[in-house]
Amino acid sequence: MTSSLGSEIPSKSLLEAFDLRHSFVEGDLTTEVLSGVSLKVEPGEITAVVGPSGCGKSTLLYLLGLLDRPDQGNIFLRGKEVSGCDDKTRTTLRNQEIGFIFQFHFLIKELSALENVALPLRKAGNSILESRKKAQASLTKLGLGDKSHRFANKLSGGEQQRVAIARAIVNSPSIVLADEPTGNLDSENSNKVFNLLSKLATDENLSILLVTHNNELAMKCNRVIEMRDGVITNSL
């Protein structure tokens with residue numbers, strides 16, 4: 001394990017993974033969830049990862065987001081090896097380079113939309129004033145500028161997910177990792193959320209890697225990666 005960024009490779013890809021393997025151990029039972037996954041994510045590209053439940057999609061997302069470590073393999077971000085970095089460096093990279101959107105938005109209901117979006121900025125060391133200013137701009141970008149002071153639990157499901165997107169992009173990351181971002185939304189709000197993500201990818205050259213069971217949504221993406229039993233079976 002290194003204390004800072006590891007080795008480098010010459011690459012134009014934003015994110016690359018090579019031969020990722022990962023297992024879960026429960027008692028005497030070891031279950032291999034990823035069995036040698038390699039992929040690339042390009043700047044400004046929306047990539048969907050699809051496959052049946054239990055095939056390793058979410059595990060892959062957590063490894064790429066530096067929330068967990070692979071048992072084997074390498075992850076490169078902007079050409080620098082990051083999977084072996086120490087915890088402090090990984091935390092810094094997550095704060096600066098990676099945004100996360102989950103099926104369950106994990107907003108704090110006792111806080112306003114503005115306060116929820118400002119949390120990552122405060123954690124990164126921004127002042128209260130600067131954090132609120134950037135959070136307001138992020139909410140306005142997603143059409144929620146007039147609802148920034150409304151408590152999270154007073155927003156509709158679609159609005160709450162847009163707040164979660166605003167929180168994911170408020171630090172201007174280079175990539176957003178989304179795990180079933182429309183899983184709890186109806187078709188109308190699903191389309192609205194995807195259109196917002198698509199616009200962000202185009203306007204800000206933001207890379208988006210999303211896990212989804214929604215095949216209609218997946219086919220709108222620039223690329224579709226199909227997984228089964230811990231391996232990539234197809235990349236369209």
# chains A, B, ... in the order shown; residues from 1 in each chain; ligands from 1
>>> closest_atom_pairs(of="stretch 42-121 of chain A", to="stretch 199-216 of chain A", cutoff="8 Å", atoms="only C-alpha atoms", output="Markdown table")
| residue | atom | partner | partner_atom | distance |
| --- | --- | --- | --- | --- |
| A:Glu42 | CA | A:Ser207 | CA | 6.6 |
| A:Pro43 | CA | A:Ser207 | CA | 5.1 |
| A:Gly44 | CA | A:Asn205 | CA | 4.0 |
| A:Glu45 | CA | A:Ser207 | CA | 4.9 |
| A:Ile46 | CA | A:Ile208 | CA | 4.7 |
| A:Thr47 | CA | A:Leu209 | CA | 4.8 |
| A:Ala48 | CA | A:Leu210 | CA | 4.9 |
| A:Val49 | CA | A:Val211 | CA | 4.7 |
| A:Val50 | CA | A:Thr212 | CA | 5.7 |
| A:Gly51 | CA | A:His213 | CA | 7.1 |
| A:Pro52 | CA | A:His213 | CA | 7.8 |
| A:Lys57 | CA | A:Val211 | CA | 6.5 |
| A:Ser58 | CA | A:Val211 | CA | 7.0 |
| A:Leu61 | CA | A:Val211 | CA | 7.8 |
>>> closest_atom_pairs(of="stretch 11-126 of chain A", to="stretch 164-172 of chain A", cutoff="8 Å", atoms="only C-alpha atoms", output="JSON lines")
{"residue": "A:Asn95", "atom": "CA", "partner": "A:Asn171", "partner_atom": "CA", "distance": 7.2}
{"residue": "A:Gln96", "atom": "CA", "partner": "A:Asn171", "partner_atom": "CA", "distance": 6.4}
{"residue": "A:Glu97", "atom": "CA", "partner": "A:Ser172", "partner_atom": "CA", "distance": 7.5}
{"residue": "A:Ile98", "atom": "CA", "partner": "A:Ala168", "partner_atom": "CA", "distance": 7.9}
{"residue": "A:Gly99", "atom": "CA", "partner": "A:Ala168", "partner_atom": "CA", "distance": 4.4}
{"residue": "A:Phe100", "atom": "CA", "partner": "A:Ala168", "partner_atom": "CA", "distance": 5.4}
{"residue": "A:Ile101", "atom": "CA", "partner": "A:Ile165", "partner_atom": "CA", "distance": 6.3}
{"residue": "A:His105", "atom": "CA", "partner": "A:Ala164", "partner_atom": "CA", "distance": 5.7}
{"residue": "A:Phe106", "atom": "CA", "partner": "A:Ala164", "partner_atom": "CA", "distance": 7.8}
{"residue": "A:Leu107", "atom": "CA", "partner": "A:Ala164", "partner_atom": "CA", "distance": 7.1}
{"residue": "A:Asn116", "atom": "CA", "partner": "A:Arg167", "partner_atom": "CA", "distance": 7.1}
{"residue": "A:Val117", "atom": "CA", "partner": "A:Arg167", "partner_atom": "CA", "distance": 4.3}
{"residue": "A:Ala118", "atom": "CA", "partner": "A:Arg167", "partner_atom": "CA", "distance": 7.2}
{"residue": "A:Leu119", "atom": "CA", "partner": "A:Arg167", "partner_atom": "CA", "distance": 7.9}
{"residue": "A:Pro120", "atom": "CA", "partner": "A:Arg167", "partner_atom": "CA", "distance": 7.3}
{"residue": "A:Leu121", "atom": "CA", "partner": "A:Asn171", "partner_atom": "CA", "distance": 6.7}
>>> select_by_dssp(residues="stretch 125-203 of chain A", states="strand (DSSP E or B)", output="MDAnalysis selection string")
chainID A and resid 151 175:179
>>> write_last_selection(atoms="all heavy atoms", output="PDB file, in the first residue's frame")
ATOM      1  N   PHE A 151     -37.238  21.786   3.546  1.00  0.00           N
ATOM      2  CA  PHE A 151     -36.688  20.582   4.157  1.00  0.00           C
ATOM      3  C   PHE A 151     -36.778  19.417   3.181  1.00  0.00           C
ATOM      4  O   PHE A 151     -37.722  19.316   2.386  1.00  0.00           O
ATOM      5  CB  PHE A 151     -37.416  20.239   5.450  1.00  0.00           C
ATOM      6  CG  PHE A 151     -37.080  21.149   6.596  1.00  0.00           C
ATOM      7  CD1 PHE A 151     -38.022  22.029   7.112  1.00  0.00           C
ATOM      8  CD2 PHE A 151     -35.807  21.127   7.160  1.00  0.00           C
ATOM      9  CE1 PHE A 151     -37.699  22.875   8.160  1.00  0.00           C
ATOM     10  CE2 PHE A 151     -35.469  21.964   8.213  1.00  0.00           C
ATOM     11  CZ  PHE A 151     -36.423  22.853   8.713  1.00  0.00           C
ATOM     12  N   ILE A 175     -16.135  12.514 -12.478  1.00  0.00           N
ATOM     13  CA  ILE A 175     -16.974  11.357 -12.763  1.00  0.00           C
ATOM     14  C   ILE A 175     -18.038  11.217 -11.676  1.00  0.00           C
ATOM     15  O   ILE A 175     -17.787  11.502 -10.505  1.00  0.00           O
ATOM     16  CB  ILE A 175     -16.133  10.059 -12.865  1.00  0.00           C
ATOM     17  CG1 ILE A 175     -17.021   8.877 -13.284  1.00  0.00           C
ATOM     18  CG2 ILE A 175     -15.390   9.762 -11.573  1.00  0.00           C
ATOM     19  CD1 ILE A 175     -16.234   7.638 -13.668  1.00  0.00           C
ATOM     20  N   VAL A 176     -19.238  10.811 -12.091  1.00  0.00           N
ATOM     21  CA  VAL A 176     -20.317  10.510 -11.159  1.00  0.00           C
ATOM     22  C   VAL A 176     -20.643   9.026 -11.287  1.00  0.00           C
ATOM     23  O   VAL A 176     -20.847   8.513 -12.389  1.00  0.00           O
ATOM     24  CB  VAL A 176     -21.576  11.355 -11.444  1.00  0.00           C
ATOM     25  CG1 VAL A 176     -22.786  10.801 -10.699  1.00  0.00           C
ATOM     26  CG2 VAL A 176     -21.341  12.808 -11.051  1.00  0.00           C
ATOM     27  N   LEU A 177     -20.688   8.341 -10.153  1.00  0.00           N
ATOM     28  CA  LEU A 177     -21.055   6.932 -10.093  1.00  0.00           C
ATOM     29  C   LEU A 177     -22.459   6.850  -9.517  1.00  0.00           C
ATOM     30  O   LEU A 177     -22.709   7.332  -8.406  1.00  0.00           O
ATOM     31  CB  LEU A 177     -20.069   6.154  -9.229  1.00  0.00           C
ATOM     32  CG  LEU A 177     -18.599   6.264  -9.646  1.00  0.00           C
ATOM     33  CD1 LEU A 177     -17.708   5.511  -8.667  1.00  0.00           C
ATOM     34  CD2 LEU A 177     -18.394   5.736 -11.062  1.00  0.00           C
ATOM     35  N   ALA A 178     -23.365   6.249 -10.266  1.00  0.00           N
ATOM     36  CA  ALA A 178     -24.780   6.232  -9.882  1.00  0.00           C
ATOM     37  C   ALA A 178     -25.287   4.797  -9.796  1.00  0.00           C
ATOM     38  O   ALA A 178     -25.219   4.053 -10.778  1.00  0.00           O
ATOM     39  CB  ALA A 178     -25.608   7.034 -10.892  1.00  0.00           C
ATOM     40  N   ASP A 179     -25.781   4.417  -8.631  1.00  0.00           N
ATOM     41  CA  ASP A 179     -26.295   3.071  -8.399  1.00  0.00           C
ATOM     42  C   ASP A 179     -27.814   3.116  -8.391  1.00  0.00           C
ATOM     43  O   ASP A 179     -28.429   3.588  -7.436  1.00  0.00           O
ATOM     44  CB  ASP A 179     -25.768   2.531  -7.063  1.00  0.00           C
ATOM     45  CG  ASP A 179     -25.979   1.027  -6.923  1.00  0.00           C
ATOM     46  OD1 ASP A 179     -26.581   0.430  -7.830  1.00  0.00           O
ATOM     47  OD2 ASP A 179     -25.530   0.459  -5.915  1.00  0.00           O
TER      48      ASP A 179
END
>>> residues_around(residues="A:Leu114", least_positions_apart="2", cutoff="8 Å", atoms="only C-alpha atoms", output="ChimeraX atom specification")
/A:111-112,116-118,132,135-136,139,148-149
>>> write_last_selection(atoms="all heavy atoms", output="PDB file, in the first residue's frame")
ATOM      1  N   LEU A 111     -32.537  18.594   7.497  1.00  0.00           N
ATOM      2  CA  LEU A 111     -31.822  19.691   6.853  1.00  0.00           C
ATOM      3  C   LEU A 111     -32.542  20.129   5.586  1.00  0.00           C
ATOM      4  O   LEU A 111     -33.271  19.348   4.962  1.00  0.00           O
ATOM      5  CB  LEU A 111     -30.400  19.265   6.501  1.00  0.00           C
ATOM      6  CG  LEU A 111     -29.477  18.859   7.656  1.00  0.00           C
ATOM      7  CD1 LEU A 111     -28.096  18.515   7.122  1.00  0.00           C
ATOM      8  CD2 LEU A 111     -29.396  19.945   8.714  1.00  0.00           C
ATOM      9  N   SER A 112     -32.325  21.367   5.199  1.00  0.00           N
ATOM     10  CA  SER A 112     -32.894  21.869   3.951  1.00  0.00           C
ATOM     11  C   SER A 112     -32.143  21.282   2.766  1.00  0.00           C
ATOM     12  O   SER A 112     -31.069  20.689   2.912  1.00  0.00           O
ATOM     13  CB  SER A 112     -32.812  23.393   3.905  1.00  0.00           C
ATOM     14  OG  SER A 112     -31.451  23.804   3.808  1.00  0.00           O
ATOM     15  N   ASN A 116     -28.196  20.103   2.733  1.00  0.00           N
ATOM     16  CA  ASN A 116     -27.784  18.774   2.286  1.00  0.00           C
ATOM     17  C   ASN A 116     -26.724  18.853   1.196  1.00  0.00           C
ATOM     18  O   ASN A 116     -25.726  18.125   1.228  1.00  0.00           O
ATOM     19  CB  ASN A 116     -28.999  18.000   1.767  1.00  0.00           C
ATOM     20  CG  ASN A 116     -29.700  17.195   2.842  1.00  0.00           C
ATOM     21  OD1 ASN A 116     -29.252  16.136   3.244  1.00  0.00           O
ATOM     22  ND2 ASN A 116     -30.826  17.724   3.316  1.00  0.00           N
ATOM     23  N   VAL A 117     -26.930  19.749   0.242  1.00  0.00           N
ATOM     24  CA  VAL A 117     -25.985  19.872  -0.873  1.00  0.00           C
ATOM     25  C   VAL A 117     -24.667  20.472  -0.404  1.00  0.00           C
ATOM     26  O   VAL A 117     -23.597  20.136  -0.923  1.00  0.00           O
ATOM     27  CB  VAL A 117     -26.600  20.724  -2.005  1.00  0.00           C
ATOM     28  CG1 VAL A 117     -25.588  20.972  -3.117  1.00  0.00           C
ATOM     29  CG2 VAL A 117     -27.840  20.032  -2.580  1.00  0.00           C
ATOM     30  N   ALA A 118     -24.720  21.324   0.609  1.00  0.00           N
ATOM     31  CA  ALA A 118     -23.503  21.983   1.104  1.00  0.00           C
ATOM     32  C   ALA A 118     -22.621  21.062   1.937  1.00  0.00           C
ATOM     33  O   ALA A 118     -21.439  21.357   2.141  1.00  0.00           O
ATOM     34  CB  ALA A 118     -23.882  23.213   1.927  1.00  0.00           C
ATOM     35  N   ARG A 132     -22.549  27.445   0.965  1.00  0.00           N
ATOM     36  CA  ARG A 132     -23.949  27.771   0.660  1.00  0.00           C
ATOM     37  C   ARG A 132     -24.072  28.392  -0.732  1.00  0.00           C
ATOM     38  O   ARG A 132     -25.032  28.122  -1.461  1.00  0.00           O
ATOM     39  CB  ARG A 132     -24.509  28.708   1.728  1.00  0.00           C
ATOM     40  CG  ARG A 132     -24.654  28.053   3.087  1.00  0.00           C
ATOM     41  CD  ARG A 132     -25.067  29.066   4.150  1.00  0.00           C
ATOM     42  NE  ARG A 132     -26.431  29.532   3.946  1.00  0.00           N
ATOM     43  CZ  ARG A 132     -27.510  28.921   4.425  1.00  0.00           C
ATOM     44  NH1 ARG A 132     -27.376  27.817   5.136  1.00  0.00           N
ATOM     45  NH2 ARG A 132     -28.707  29.413   4.212  1.00  0.00           N
ATOM     46  N   ALA A 135     -23.652  25.547  -3.219  1.00  0.00           N
ATOM     47  CA  ALA A 135     -24.809  24.663  -3.134  1.00  0.00           C
ATOM     48  C   ALA A 135     -26.013  25.284  -3.818  1.00  0.00           C
ATOM     49  O   ALA A 135     -26.764  24.602  -4.532  1.00  0.00           O
ATOM     50  CB  ALA A 135     -25.123  24.359  -1.670  1.00  0.00           C
ATOM     51  N   GLN A 136     -26.207  26.577  -3.627  1.00  0.00           N
ATOM     52  CA  GLN A 136     -27.326  27.266  -4.278  1.00  0.00           C
ATOM     53  C   GLN A 136     -27.167  27.228  -5.797  1.00  0.00           C
ATOM     54  O   GLN A 136     -28.142  26.991  -6.528  1.00  0.00           O
ATOM     55  CB  GLN A 136     -27.403  28.720  -3.800  1.00  0.00           C
ATOM     56  CG  GLN A 136     -28.569  29.519  -4.379  1.00  0.00           C
ATOM     57  CD  GLN A 136     -29.914  29.000  -3.919  1.00  0.00           C
ATOM     58  OE1 GLN A 136     -30.114  28.763  -2.734  1.00  0.00           O
ATOM     59  NE2 GLN A 136     -30.837  28.801  -4.848  1.00  0.00           N
ATOM     60  N   LEU A 139     -28.067  23.703  -7.032  1.00  0.00           N
ATOM     61  CA  LEU A 139     -29.518  23.485  -7.022  1.00  0.00           C
ATOM     62  C   LEU A 139     -30.205  24.255  -8.150  1.00  0.00           C
ATOM     63  O   LEU A 139     -31.117  23.740  -8.807  1.00  0.00           O
ATOM     64  CB  LEU A 139     -30.099  23.901  -5.668  1.00  0.00           C
ATOM     65  CG  LEU A 139     -29.812  22.945  -4.501  1.00  0.00           C
ATOM     66  CD1 LEU A 139     -30.105  23.628  -3.175  1.00  0.00           C
ATOM     67  CD2 LEU A 139     -30.642  21.675  -4.650  1.00  0.00           C
ATOM     68  N   SER A 148     -34.591  25.681  -2.385  1.00  0.00           N
ATOM     69  CA  SER A 148     -33.354  25.365  -1.667  1.00  0.00           C
ATOM     70  C   SER A 148     -33.528  25.377  -0.153  1.00  0.00           C
ATOM     71  O   SER A 148     -32.796  24.682   0.562  1.00  0.00           O
ATOM     72  CB  SER A 148     -32.243  26.336  -2.066  1.00  0.00           C
ATOM     73  OG  SER A 148     -32.622  27.675  -1.768  1.00  0.00           O
ATOM     74  N   HIS A 149     -34.489  26.138   0.360  1.00  0.00           N
ATOM     75  CA  HIS A 149     -34.667  26.226   1.810  1.00  0.00           C
ATOM     76  C   HIS A 149     -35.781  25.312   2.317  1.00  0.00           C
ATOM     77  O   HIS A 149     -36.120  25.355   3.504  1.00  0.00           O
ATOM     78  CB  HIS A 149     -34.938  27.678   2.218  1.00  0.00           C
ATOM     79  CG  HIS A 149     -33.780  28.589   1.939  1.00  0.00           C
ATOM     80  ND1 HIS A 149     -32.598  28.523   2.646  1.00  0.00           N
ATOM     81  CD2 HIS A 149     -33.607  29.552   1.001  1.00  0.00           C
ATOM     82  CE1 HIS A 149     -31.746  29.426   2.173  1.00  0.00           C
ATOM     83  NE2 HIS A 149     -32.335  30.057   1.178  1.00  0.00           N
TER      84      HIS A 149
END
>>> residues_around(residues="A:Ser38", least_positions_apart="2", cutoff="7 Å", atoms="only C-alpha atoms", output="list in words")
Ala17, Phe18, Asp19, Leu20 and Gly36 of chain A
>>> select_by_dssp(residues="stretch 3-232 of chain A", states="helix (DSSP H, G or I)", output="VMD selection string")
chain A and resid 57 to 64 87 to 97 113 to 123 128 to 141 145 to 147 152 to 154 157 to 169 187 to 204 215 to 218
>>> closest_residue(among="A:Leu185, A:Leu60, A:Leu15, A:Val163", to="A:Met227", atoms="only C-alpha atoms")
A:Leu60
